[in-house]
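Everything on this sheet refers to the single structure shown next.
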Amino acid sequence: MDLHWLSGANLSEDLGTTLKVGNLELAVDNWVGTNDIKLYRISRDIHSVPREGSTMKVLAFSREPELEASAYWRSIDRMALDVLLHRKQVGYGEVDQLLERIDGAVAHLEEQLLKVLPE
């Protein structure tokens with residue numbers, strides 16, 4: 001259930017959702033509270049932060065000094081950054097075409113499934 005709340009709050013902020021109160025239209029700023037200690041600990045290390053010049057936020061993460069010193073985690077972080085940069089270069093971050101891309105991916109999967117599944 002937490003995942004649904006977090007995803008909804010994130011999507012609401014990404015879309016720039018507003019709330020009309022009387023004659024005012026106010027931006028929605030979502031805050032999530034939890035008693036789940038695991039979720040709290042994760043959110044200290046992995047969270048979203050504002051991005052300059054955009055209403056969208058970006059993923060940020062914190063590493064403990066011991067992990068920053070680890071060659072393994074430096075390698076993982078470098079690979080993750082490479083993937084994110086590649087996705088940005090090929091336009092994966094363009095929200096205006098997101099539904100079109102989802103529809104295309106679903107159509108492709110359906111086509112592939114129909115090839116291997118009997119009718």
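So you can find residues: chains in the structure tokens are A, B, ... in the order shown, residues in each start at 1, and ligands are numbered from 1 in order.
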
Exercise. Residues at most 7 Å from Ser48 (chain A), counting only C-alpha atoms, excluding those fewer than 4 positions away in the same chain, as a PyMOL selection string?
Worked result: chain A and resi 57-60

Output file for the residues above (all heavy atoms, as a short mmCIF file (atom, residue, chain, number, x, y, z; two decimals), in the first residue's frame):
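Result written to selection39.cif:
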data_model
loop_
_atom_site.label_atom_id
_atom_site.label_comp_id
_atom_site.auth_asym_id
_atom_site.auth_seq_id
_atom_site.Cartn_x
_atom_site.Cartn_y
_atom_site.Cartn_z
N LYS A 57 10.95 16.33 -10.33
CA LYS A 57 12.05 16.10 -9.40
C LYS A 57 12.92 14.97 -9.93
O LYS A 57 12.52 14.22 -10.80
CB LYS A 57 11.50 15.76 -8.02
CG LYS A 57 10.78 16.93 -7.38
CD LYS A 57 10.37 16.63 -5.97
CE LYS A 57 9.72 17.84 -5.35
NZ LYS A 57 9.37 17.60 -3.96
N VAL A 58 14.13 14.89 -9.39
CA VAL A 58 15.04 13.83 -9.79
C VAL A 58 15.37 12.96 -8.58
O VAL A 58 15.25 13.40 -7.44
CB VAL A 58 16.33 14.39 -10.42
CG1 VAL A 58 16.04 15.11 -11.71
CG2 VAL A 58 17.04 15.31 -9.46
N LEU A 59 15.80 11.76 -8.86
CA LEU A 59 16.16 10.83 -7.80
C LEU A 59 17.53 11.19 -7.22
O LEU A 59 18.48 11.44 -7.97
CB LEU A 59 16.19 9.40 -8.35
CG LEU A 59 16.46 8.29 -7.35
CD1 LEU A 59 15.33 8.21 -6.34
CD2 LEU A 59 16.63 6.97 -8.06
N ALA A 60 17.60 11.23 -5.91
CA ALA A 60 18.86 11.49 -5.23
C ALA A 60 19.09 10.35 -4.24
O ALA A 60 18.15 9.76 -3.72
CB ALA A 60 18.82 12.82 -4.49
#

Enumerate as a PDB file with N, CA, C and O atoms, in the first residue's frame all residues of chain A assigned to helix (DSSP H, G or I) by DSSP on the backbone, naming them with the chain letters and numbers the document uses.
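In the end it all went to result35.pdb:
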ATOM      1  N   ASP A   2       1.986   1.213   0.726  1.00  0.00           N
ATOM      2  CA  ASP A   2       2.869   2.388   0.765  1.00  0.00           C
ATOM      3  C   ASP A   2       3.312   2.784  -0.630  1.00  0.00           C
ATOM      4  O   ASP A   2       3.401   3.965  -0.946  1.00  0.00           O
ATOM      5  N   LEU A   3       3.591   1.788  -1.475  1.00  0.00           N
ATOM      6  CA  LEU A   3       4.051   2.060  -2.829  1.00  0.00           C
ATOM      7  C   LEU A   3       3.014   2.856  -3.611  1.00  0.00           C
ATOM      8  O   LEU A   3       3.343   3.776  -4.356  1.00  0.00           O
ATOM      9  N   HIS A   4       1.735   2.529  -3.434  1.00  0.00           N
ATOM     10  CA  HIS A   4       0.669   3.253  -4.131  1.00  0.00           C
ATOM     11  C   HIS A   4       0.599   4.711  -3.666  1.00  0.00           C
ATOM     12  O   HIS A   4       0.440   5.622  -4.468  1.00  0.00           O
ATOM     13  N   TRP A   5       0.699   4.919  -2.360  1.00  0.00           N
ATOM     14  CA  TRP A   5       0.679   6.290  -1.833  1.00  0.00           C
ATOM     15  C   TRP A   5       1.871   7.088  -2.353  1.00  0.00           C
ATOM     16  O   TRP A   5       1.734   8.243  -2.779  1.00  0.00           O
ATOM     17  N   LEU A   6       3.043   6.488  -2.310  1.00  0.00           N
ATOM     18  CA  LEU A   6       4.243   7.187  -2.763  1.00  0.00           C
ATOM     19  C   LEU A   6       4.194   7.475  -4.262  1.00  0.00           C
ATOM     20  O   LEU A   6       4.542   8.570  -4.704  1.00  0.00           O
ATOM     21  N   SER A   7       3.761   6.498  -5.035  1.00  0.00           N
ATOM     22  CA  SER A   7       3.666   6.694  -6.485  1.00  0.00           C
ATOM     23  C   SER A   7       2.653   7.773  -6.827  1.00  0.00           C
ATOM     24  O   SER A   7       2.892   8.614  -7.698  1.00  0.00           O
ATOM     25  N   GLY A   8       1.522   7.761  -6.146  1.00  0.00           N
ATOM     26  CA  GLY A   8       0.498   8.772  -6.390  1.00  0.00           C
ATOM     27  C   GLY A   8       0.966  10.165  -6.031  1.00  0.00           C
ATOM     28  O   GLY A   8       0.727  11.133  -6.769  1.00  0.00           O
ATOM     29  N   ALA A   9       1.640  10.288  -4.891  1.00  0.00           N
ATOM     30  CA  ALA A   9       2.166  11.589  -4.472  1.00  0.00           C
ATOM     31  C   ALA A   9       3.208  12.081  -5.471  1.00  0.00           C
ATOM     32  O   ALA A   9       3.214  13.258  -5.848  1.00  0.00           O
ATOM     33  N   ASN A  10       4.069  11.183  -5.924  1.00  0.00           N
ATOM     34  CA  ASN A  10       5.105  11.551  -6.885  1.00  0.00           C
ATOM     35  C   ASN A  10       4.486  11.991  -8.214  1.00  0.00           C
ATOM     36  O   ASN A  10       4.868  13.009  -8.784  1.00  0.00           O
ATOM     37  N   LEU A  11       3.525  11.238  -8.716  1.00  0.00           N
ATOM     38  CA  LEU A  11       2.869  11.577  -9.977  1.00  0.00           C
ATOM     39  C   LEU A  11       2.151  12.919  -9.866  1.00  0.00           C
ATOM     40  O   LEU A  11       2.213  13.751 -10.769  1.00  0.00           O
ATOM     41  N   SER A  12       1.477  13.144  -8.750  1.00  0.00           N
ATOM     42  CA  SER A  12       0.771  14.404  -8.533  1.00  0.00           C
ATOM     43  C   SER A  12       1.717  15.592  -8.626  1.00  0.00           C
ATOM     44  O   SER A  12       1.421  16.600  -9.267  1.00  0.00           O
ATOM     45  N   GLU A  13       2.871  15.470  -8.005  1.00  0.00           N
ATOM     46  CA  GLU A  13       3.858  16.554  -8.065  1.00  0.00           C
ATOM     47  C   GLU A  13       4.439  16.692  -9.466  1.00  0.00           C
ATOM     48  O   GLU A  13       4.624  17.795  -9.961  1.00  0.00           O
ATOM     49  N   ASP A  14       4.719  15.566 -10.124  1.00  0.00           N
ATOM     50  CA  ASP A  14       5.280  15.611 -11.473  1.00  0.00           C
ATOM     51  C   ASP A  14       4.336  16.297 -12.453  1.00  0.00           C
ATOM     52  O   ASP A  14       4.773  17.001 -13.362  1.00  0.00           O
ATOM     53  N   ILE A  37       9.444   1.856   9.932  1.00  0.00           N
ATOM     54  CA  ILE A  37      10.844   2.240  10.141  1.00  0.00           C
ATOM     55  C   ILE A  37      11.702   1.913   8.920  1.00  0.00           C
ATOM     56  O   ILE A  37      12.627   2.662   8.590  1.00  0.00           O
ATOM     57  N   LYS A  38      11.392   0.820   8.210  1.00  0.00           N
ATOM     58  CA  LYS A  38      12.172   0.482   7.009  1.00  0.00           C
ATOM     59  C   LYS A  38      11.975   1.539   5.926  1.00  0.00           C
ATOM     60  O   LYS A  38      12.943   1.969   5.298  1.00  0.00           O
ATOM     61  N   LEU A  39      10.729   1.960   5.713  1.00  0.00           N
ATOM     62  CA  LEU A  39      10.462   2.983   4.717  1.00  0.00           C
ATOM     63  C   LEU A  39      11.143   4.300   5.100  1.00  0.00           C
ATOM     64  O   LEU A  39      11.717   4.983   4.253  1.00  0.00           O
ATOM     65  N   TYR A  40      11.114   4.627   6.380  1.00  0.00           N
ATOM     66  CA  TYR A  40      11.775   5.839   6.851  1.00  0.00           C
ATOM     67  C   TYR A  40      13.278   5.782   6.570  1.00  0.00           C
ATOM     68  O   TYR A  40      13.861   6.735   6.050  1.00  0.00           O
ATOM     69  N   ARG A  41      13.889   4.660   6.874  1.00  0.00           N
ATOM     70  CA  ARG A  41      15.343   4.531   6.654  1.00  0.00           C
ATOM     71  C   ARG A  41      15.685   4.592   5.170  1.00  0.00           C
ATOM     72  O   ARG A  41      16.682   5.197   4.782  1.00  0.00           O
ATOM     73  N   ILE A  42      14.870   3.961   4.345  1.00  0.00           N
ATOM     74  CA  ILE A  42      15.108   4.000   2.910  1.00  0.00           C
ATOM     75  C   ILE A  42      14.982   5.429   2.394  1.00  0.00           C
ATOM     76  O   ILE A  42      15.782   5.892   1.589  1.00  0.00           O
ATOM     77  N   SER A  43      13.959   6.152   2.876  1.00  0.00           N
ATOM     78  CA  SER A  43      13.733   7.506   2.369  1.00  0.00           C
ATOM     79  C   SER A  43      14.836   8.479   2.776  1.00  0.00           C
ATOM     80  O   SER A  43      15.009   9.515   2.146  1.00  0.00           O
ATOM     81  N   ARG A  44      15.580   8.160   3.816  1.00  0.00           N
ATOM     82  CA  ARG A  44      16.732   9.011   4.166  1.00  0.00           C
ATOM     83  C   ARG A  44      17.838   8.855   3.128  1.00  0.00           C
ATOM     84  O   ARG A  44      18.594   9.793   2.881  1.00  0.00           O
ATOM     85  N   ASP A  45      17.931   7.669   2.541  1.00  0.00           N
ATOM     86  CA  ASP A  45      19.010   7.379   1.589  1.00  0.00           C
ATOM     87  C   ASP A  45      18.599   7.565   0.131  1.00  0.00           C
ATOM     88  O   ASP A  45      19.431   7.872  -0.711  1.00  0.00           O
ATOM     89  N   PRO A  65      29.801   6.733   4.277  1.00  0.00           N
ATOM     90  CA  PRO A  65      31.227   6.806   3.893  1.00  0.00           C
ATOM     91  C   PRO A  65      31.845   5.441   3.585  1.00  0.00           C
ATOM     92  O   PRO A  65      32.657   5.320   2.674  1.00  0.00           O
ATOM     93  N   GLU A  66      31.407   4.404   4.303  1.00  0.00           N
ATOM     94  CA  GLU A  66      31.959   3.066   4.060  1.00  0.00           C
ATOM     95  C   GLU A  66      31.590   2.567   2.662  1.00  0.00           C
ATOM     96  O   GLU A  66      32.386   1.909   2.004  1.00  0.00           O
ATOM     97  N   LEU A  67      30.359   2.872   2.248  1.00  0.00           N
ATOM     98  CA  LEU A  67      29.931   2.438   0.915  1.00  0.00           C
ATOM     99  C   LEU A  67      30.576   3.283  -0.178  1.00  0.00           C
ATOM    100  O   LEU A  67      30.876   2.784  -1.256  1.00  0.00           O
ATOM    101  N   GLU A  68      30.769   4.586   0.095  1.00  0.00           N
ATOM    102  CA  GLU A  68      31.429   5.442  -0.889  1.00  0.00           C
ATOM    103  C   GLU A  68      32.860   4.982  -1.155  1.00  0.00           C
ATOM    104  O   GLU A  68      33.377   5.163  -2.248  1.00  0.00           O
ATOM    105  N   ALA A  71      34.779  -0.067  -3.867  1.00  0.00           N
ATOM    106  CA  ALA A  71      34.911  -0.105  -5.323  1.00  0.00           C
ATOM    107  C   ALA A  71      33.645  -0.675  -5.962  1.00  0.00           C
ATOM    108  O   ALA A  71      33.225  -0.226  -7.035  1.00  0.00           O
ATOM    109  N   TYR A  72      33.027  -1.652  -5.305  1.00  0.00           N
ATOM    110  CA  TYR A  72      31.804  -2.263  -5.828  1.00  0.00           C
ATOM    111  C   TYR A  72      30.706  -1.208  -5.990  1.00  0.00           C
ATOM    112  O   TYR A  72      30.107  -1.082  -7.056  1.00  0.00           O
ATOM    113  N   TRP A  73      30.426  -0.446  -4.928  1.00  0.00           N
ATOM    114  CA  TRP A  73      29.345   0.539  -4.982  1.00  0.00           C
ATOM    115  C   TRP A  73      29.679   1.702  -5.903  1.00  0.00           C
ATOM    116  O   TRP A  73      28.798   2.251  -6.561  1.00  0.00           O
ATOM    117  N   ARG A  74      30.940   2.076  -5.985  1.00  0.00           N
ATOM    118  CA  ARG A  74      31.320   3.130  -6.943  1.00  0.00           C
ATOM    119  C   ARG A  74      31.044   2.646  -8.363  1.00  0.00           C
ATOM    120  O   ARG A  74      30.562   3.400  -9.206  1.00  0.00           O
ATOM    121  N   SER A  75      31.332   1.378  -8.620  1.00  0.00           N
ATOM    122  CA  SER A  75      31.079   0.798  -9.938  1.00  0.00           C
ATOM    123  C   SER A  75      29.579   0.755 -10.230  1.00  0.00           C
ATOM    124  O   SER A  75      29.137   1.107 -11.332  1.00  0.00           O
ATOM    125  N   ILE A  76      28.793   0.337  -9.255  1.00  0.00           N
ATOM    126  CA  ILE A  76      27.335   0.279  -9.418  1.00  0.00           C
ATOM    127  C   ILE A  76      26.780   1.674  -9.689  1.00  0.00           C
ATOM    128  O   ILE A  76      25.960   1.880 -10.584  1.00  0.00           O
ATOM    129  N   ASP A  77      27.231   2.658  -8.913  1.00  0.00           N
ATOM    130  CA  ASP A  77      26.759   4.035  -9.101  1.00  0.00           C
ATOM    131  C   ASP A  77      27.139   4.563 -10.476  1.00  0.00           C
ATOM    132  O   ASP A  77      26.348   5.251 -11.131  1.00  0.00           O
ATOM    133  N   ARG A  78      28.328   4.245 -10.946  1.00  0.00           N
ATOM    134  CA  ARG A  78      28.787   4.690 -12.263  1.00  0.00           C
ATOM    135  C   ARG A  78      27.920   4.054 -13.364  1.00  0.00           C
ATOM    136  O   ARG A  78      27.505   4.725 -14.310  1.00  0.00           O
ATOM    137  N   MET A  79      27.616   2.752 -13.222  1.00  0.00           N
ATOM    138  CA  MET A  79      26.770   2.083 -14.212  1.00  0.00           C
ATOM    139  C   MET A  79      25.363   2.668 -14.206  1.00  0.00           C
ATOM    140  O   MET A  79      24.771   2.887 -15.268  1.00  0.00           O
ATOM    141  N   ALA A  80      24.822   2.932 -13.023  1.00  0.00           N
ATOM    142  CA  ALA A  80      23.480   3.517 -12.925  1.00  0.00           C
ATOM    143  C   ALA A  80      23.449   4.893 -13.587  1.00  0.00           C
ATOM    144  O   ALA A  80      22.505   5.226 -14.305  1.00  0.00           O
ATOM    145  N   LEU A  81      24.483   5.682 -13.368  1.00  0.00           N
ATOM    146  CA  LEU A  81      24.562   7.000 -13.985  1.00  0.00           C
ATOM    147  C   LEU A  81      24.647   6.881 -15.508  1.00  0.00           C
ATOM    148  O   LEU A  81      23.987   7.639 -16.236  1.00  0.00           O
ATOM    149  N   ASP A  82      25.415   5.918 -15.992  1.00  0.00           N
ATOM    150  CA  ASP A  82      25.513   5.687 -17.437  1.00  0.00           C
ATOM    151  C   ASP A  82      24.146   5.348 -18.042  1.00  0.00           C
ATOM    152  O   ASP A  82      23.774   5.849 -19.104  1.00  0.00           O
ATOM    153  N   VAL A  83      23.388   4.499 -17.347  1.00  0.00           N
ATOM    154  CA  VAL A  83      22.056   4.120 -17.829  1.00  0.00           C
ATOM    155  C   VAL A  83      21.146   5.347 -17.849  1.00  0.00           C
ATOM    156  O   VAL A  83      20.426   5.589 -18.823  1.00  0.00           O
ATOM    157  N   LEU A  84      21.162   6.131 -16.777  1.00  0.00           N
ATOM    158  CA  LEU A  84      20.314   7.321 -16.718  1.00  0.00           C
ATOM    159  C   LEU A  84      20.676   8.330 -17.808  1.00  0.00           C
ATOM    160  O   LEU A  84      19.791   8.918 -18.435  1.00  0.00           O
ATOM    161  N   LEU A  85      21.960   8.528 -18.033  1.00  0.00           N
ATOM    162  CA  LEU A  85      22.386   9.454 -19.083  1.00  0.00           C
ATOM    163  C   LEU A  85      21.959   8.957 -20.462  1.00  0.00           C
ATOM    164  O   LEU A  85      21.510   9.737 -21.304  1.00  0.00           O
ATOM    165  N   HIS A  86      22.100   7.649 -20.698  1.00  0.00           N
ATOM    166  CA  HIS A  86      21.661   7.075 -21.977  1.00  0.00           C
ATOM    167  C   HIS A  86      20.165   7.290 -22.172  1.00  0.00           C
ATOM    168  O   HIS A  86      19.715   7.704 -23.251  1.00  0.00           O
ATOM    169  N   ARG A  87      19.383   7.013 -21.133  1.00  0.00           N
ATOM    170  CA  ARG A  87      17.934   7.189 -21.233  1.00  0.00           C
ATOM    171  C   ARG A  87      17.580   8.647 -21.520  1.00  0.00           C
ATOM    172  O   ARG A  87      16.681   8.922 -22.304  1.00  0.00           O
ATOM    173  N   LYS A  88      18.299   9.557 -20.892  1.00  0.00           N
ATOM    174  CA  LYS A  88      18.032  10.975 -21.134  1.00  0.00           C
ATOM    175  C   LYS A  88      18.360  11.345 -22.579  1.00  0.00           C
ATOM    176  O   LYS A  88      17.612  12.069 -23.239  1.00  0.00           O
ATOM    177  N   GLN A  89      19.479  10.822 -23.094  1.00  0.00           N
ATOM    178  CA  GLN A  89      19.898  11.135 -24.460  1.00  0.00           C
ATOM    179  C   GLN A  89      18.915  10.625 -25.497  1.00  0.00           C
ATOM    180  O   GLN A  89      18.706  11.265 -26.524  1.00  0.00           O
ATOM    181  N   VAL A  95       7.962  13.423 -20.810  1.00  0.00           N
ATOM    182  CA  VAL A  95       6.676  13.033 -20.246  1.00  0.00           C
ATOM    183  C   VAL A  95       5.545  13.162 -21.257  1.00  0.00           C
ATOM    184  O   VAL A  95       4.603  12.388 -21.240  1.00  0.00           O
ATOM    185  N   ASP A  96       5.643  14.116 -22.177  1.00  0.00           N
ATOM    186  CA  ASP A  96       4.549  14.347 -23.112  1.00  0.00           C
ATOM    187  C   ASP A  96       4.293  13.154 -24.033  1.00  0.00           C
ATOM    188  O   ASP A  96       3.218  13.037 -24.599  1.00  0.00           O
ATOM    189  N   GLN A  97       5.250  12.262 -24.195  1.00  0.00           N
ATOM    190  CA  GLN A  97       5.068  11.088 -25.044  1.00  0.00           C
ATOM    191  C   GLN A  97       4.991   9.794 -24.225  1.00  0.00           C
ATOM    192  O   GLN A  97       5.043   8.713 -24.780  1.00  0.00           O
ATOM    193  N   LEU A  98       4.835   9.921 -22.922  1.00  0.00           N
ATOM    194  CA  LEU A  98       4.878   8.752 -22.051  1.00  0.00           C
ATOM    195  C   LEU A  98       3.757   7.763 -22.371  1.00  0.00           C
ATOM    196  O   LEU A  98       4.005   6.566 -22.520  1.00  0.00           O
ATOM    197  N   LEU A  99       2.517   8.238 -22.483  1.00  0.00           N
ATOM    198  CA  LEU A  99       1.409   7.326 -22.763  1.00  0.00           C
ATOM    199  C   LEU A  99       1.557   6.651 -24.119  1.00  0.00           C
ATOM    200  O   LEU A  99       1.265   5.466 -24.262  1.00  0.00           O
ATOM    201  N   GLU A 100       2.031   7.396 -25.100  1.00  0.00           N
ATOM    202  CA  GLU A 100       2.262   6.826 -26.428  1.00  0.00           C
ATOM    203  C   GLU A 100       3.299   5.699 -26.348  1.00  0.00           C
ATOM    204  O   GLU A 100       3.142   4.649 -26.977  1.00  0.00           O
ATOM    205  N   ARG A 101       4.333   5.914 -25.578  1.00  0.00           N
ATOM    206  CA  ARG A 101       5.376   4.885 -25.443  1.00  0.00           C
ATOM    207  C   ARG A 101       4.867   3.667 -24.688  1.00  0.00           C
ATOM    208  O   ARG A 101       5.200   2.529 -25.030  1.00  0.00           O
ATOM    209  N   ILE A 102       4.052   3.901 -23.654  1.00  0.00           N
ATOM    210  CA  ILE A 102       3.472   2.777 -22.908  1.00  0.00           C
ATOM    211  C   ILE A 102       2.581   1.968 -23.840  1.00  0.00           C
ATOM    212  O   ILE A 102       2.653   0.729 -23.870  1.00  0.00           O
ATOM    213  N   ASP A 103       1.734   2.645 -24.612  1.00  0.00           N
ATOM    214  CA  ASP A 103       0.855   1.939 -25.557  1.00  0.00           C
ATOM    215  C   ASP A 103       1.674   1.131 -26.561  1.00  0.00           C
ATOM    216  O   ASP A 103       1.330  -0.010 -26.882  1.00  0.00           O
ATOM    217  N   GLY A 104       2.764   1.712 -27.047  1.00  0.00           N
ATOM    218  CA  GLY A 104       3.624   1.006 -27.988  1.00  0.00           C
ATOM    219  C   GLY A 104       4.271  -0.218 -27.370  1.00  0.00           C
ATOM    220  O   GLY A 104       4.364  -1.279 -27.996  1.00  0.00           O
ATOM    221  N   ALA A 105       4.706  -0.081 -26.116  1.00  0.00           N
ATOM    222  CA  ALA A 105       5.329  -1.215 -25.421  1.00  0.00           C
ATOM    223  C   ALA A 105       4.316  -2.327 -25.185  1.00  0.00           C
ATOM    224  O   ALA A 105       4.622  -3.513 -25.373  1.00  0.00           O
ATOM    225  N   VAL A 106       3.102  -1.964 -24.797  1.00  0.00           N
ATOM    226  CA  VAL A 106       2.050  -2.966 -24.572  1.00  0.00           C
ATOM    227  C   VAL A 106       1.714  -3.668 -25.883  1.00  0.00           C
ATOM    228  O   VAL A 106       1.591  -4.898 -25.927  1.00  0.00           O
ATOM    229  N   ALA A 107       1.589  -2.913 -26.959  1.00  0.00           N
ATOM    230  CA  ALA A 107       1.292  -3.518 -28.260  1.00  0.00           C
ATOM    231  C   ALA A 107       2.399  -4.484 -28.676  1.00  0.00           C
ATOM    232  O   ALA A 107       2.123  -5.577 -29.185  1.00  0.00           O
ATOM    233  N   HIS A 108       3.646  -4.097 -28.446  1.00  0.00           N
ATOM    234  CA  HIS A 108       4.773  -4.968 -28.785  1.00  0.00           C
ATOM    235  C   HIS A 108       4.709  -6.261 -27.970  1.00  0.00           C
ATOM    236  O   HIS A 108       4.891  -7.362 -28.522  1.00  0.00           O
ATOM    237  N   LEU A 109       4.462  -6.143 -26.669  1.00  0.00           N
ATOM    238  CA  LEU A 109       4.377  -7.339 -25.823  1.00  0.00           C
ATOM    239  C   LEU A 109       3.229  -8.249 -26.246  1.00  0.00           C
ATOM    240  O   LEU A 109       3.386  -9.474 -26.300  1.00  0.00           O
ATOM    241  N   GLU A 110       2.083  -7.651 -26.551  1.00  0.00           N
ATOM    242  CA  GLU A 110       0.950  -8.454 -27.003  1.00  0.00           C
ATOM    243  C   GLU A 110       1.287  -9.199 -28.293  1.00  0.00           C
ATOM    244  O   GLU A 110       0.958 -10.374 -28.451  1.00  0.00           O
ATOM    245  N   GLU A 111       1.956  -8.505 -29.205  1.00  0.00           N
ATOM    246  CA  GLU A 111       2.349  -9.121 -30.480  1.00  0.00           C
ATOM    247  C   GLU A 111       3.285 -10.303 -30.234  1.00  0.00           C
ATOM    248  O   GLU A 111       3.128 -11.370 -30.833  1.00  0.00           O
ATOM    249  N   GLN A 112       4.259 -10.126 -29.347  1.00  0.00           N
ATOM    250  CA  GLN A 112       5.210 -11.193 -29.051  1.00  0.00           C
ATOM    251  C   GLN A 112       4.523 -12.366 -28.363  1.00  0.00           C
ATOM    252  O   GLN A 112       4.833 -13.527 -28.647  1.00  0.00           O
ATOM    253  N   LEU A 113       3.585 -12.078 -27.461  1.00  0.00           N
ATOM    254  CA  LEU A 113       2.858 -13.155 -26.774  1.00  0.00           C
ATOM    255  C   LEU A 113       1.993 -13.949 -27.749  1.00  0.00           C
ATOM    256  O   LEU A 113       1.899 -15.175 -27.650  1.00  0.00           O
ATOM    257  N   LEU A 114       1.363 -13.273 -28.684  1.00  0.00           N
ATOM    258  CA  LEU A 114       0.512 -13.963 -29.656  1.00  0.00           C
ATOM    259  C   LEU A 114       1.332 -14.902 -30.545  1.00  0.00           C
ATOM    260  O   LEU A 114       0.817 -15.913 -31.019  1.00  0.00           O
ATOM    261  N   LYS A 115       2.601 -14.590 -30.746  1.00  0.00           N
ATOM    262  CA  LYS A 115       3.470 -15.460 -31.553  1.00  0.00           C
ATOM    263  C   LYS A 115       3.780 -16.772 -30.848  1.00  0.00           C
ATOM    264  O   LYS A 115       3.966 -17.798 -31.509  1.00  0.00           O
ATOM    265  N   VAL A 116       3.844 -16.742 -29.515  1.00  0.00           N
ATOM    266  CA  VAL A 116       4.275 -17.952 -28.800  1.00  0.00           C
ATOM    267  C   VAL A 116       3.141 -18.672 -28.074  1.00  0.00           C
ATOM    268  O   VAL A 116       3.286 -19.839 -27.728  1.00  0.00           O
TER     269      VAL A 116
END

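Between CA of Glu25 (chain A) and CA of Arg51 (chain A) the interatomic distance comes to 22.7 Å.
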
For this session: Pick out each residue of chain A that DSSP on the backbone tags as strand (DSSP E or B); I need them as a ChimeraX atom specification.
Result: /A:18-21,24-27,46-50,57-61

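Note that CA of Thr18 (chain A) and CA of Asn35 (chain A) are 27.5 Å apart.
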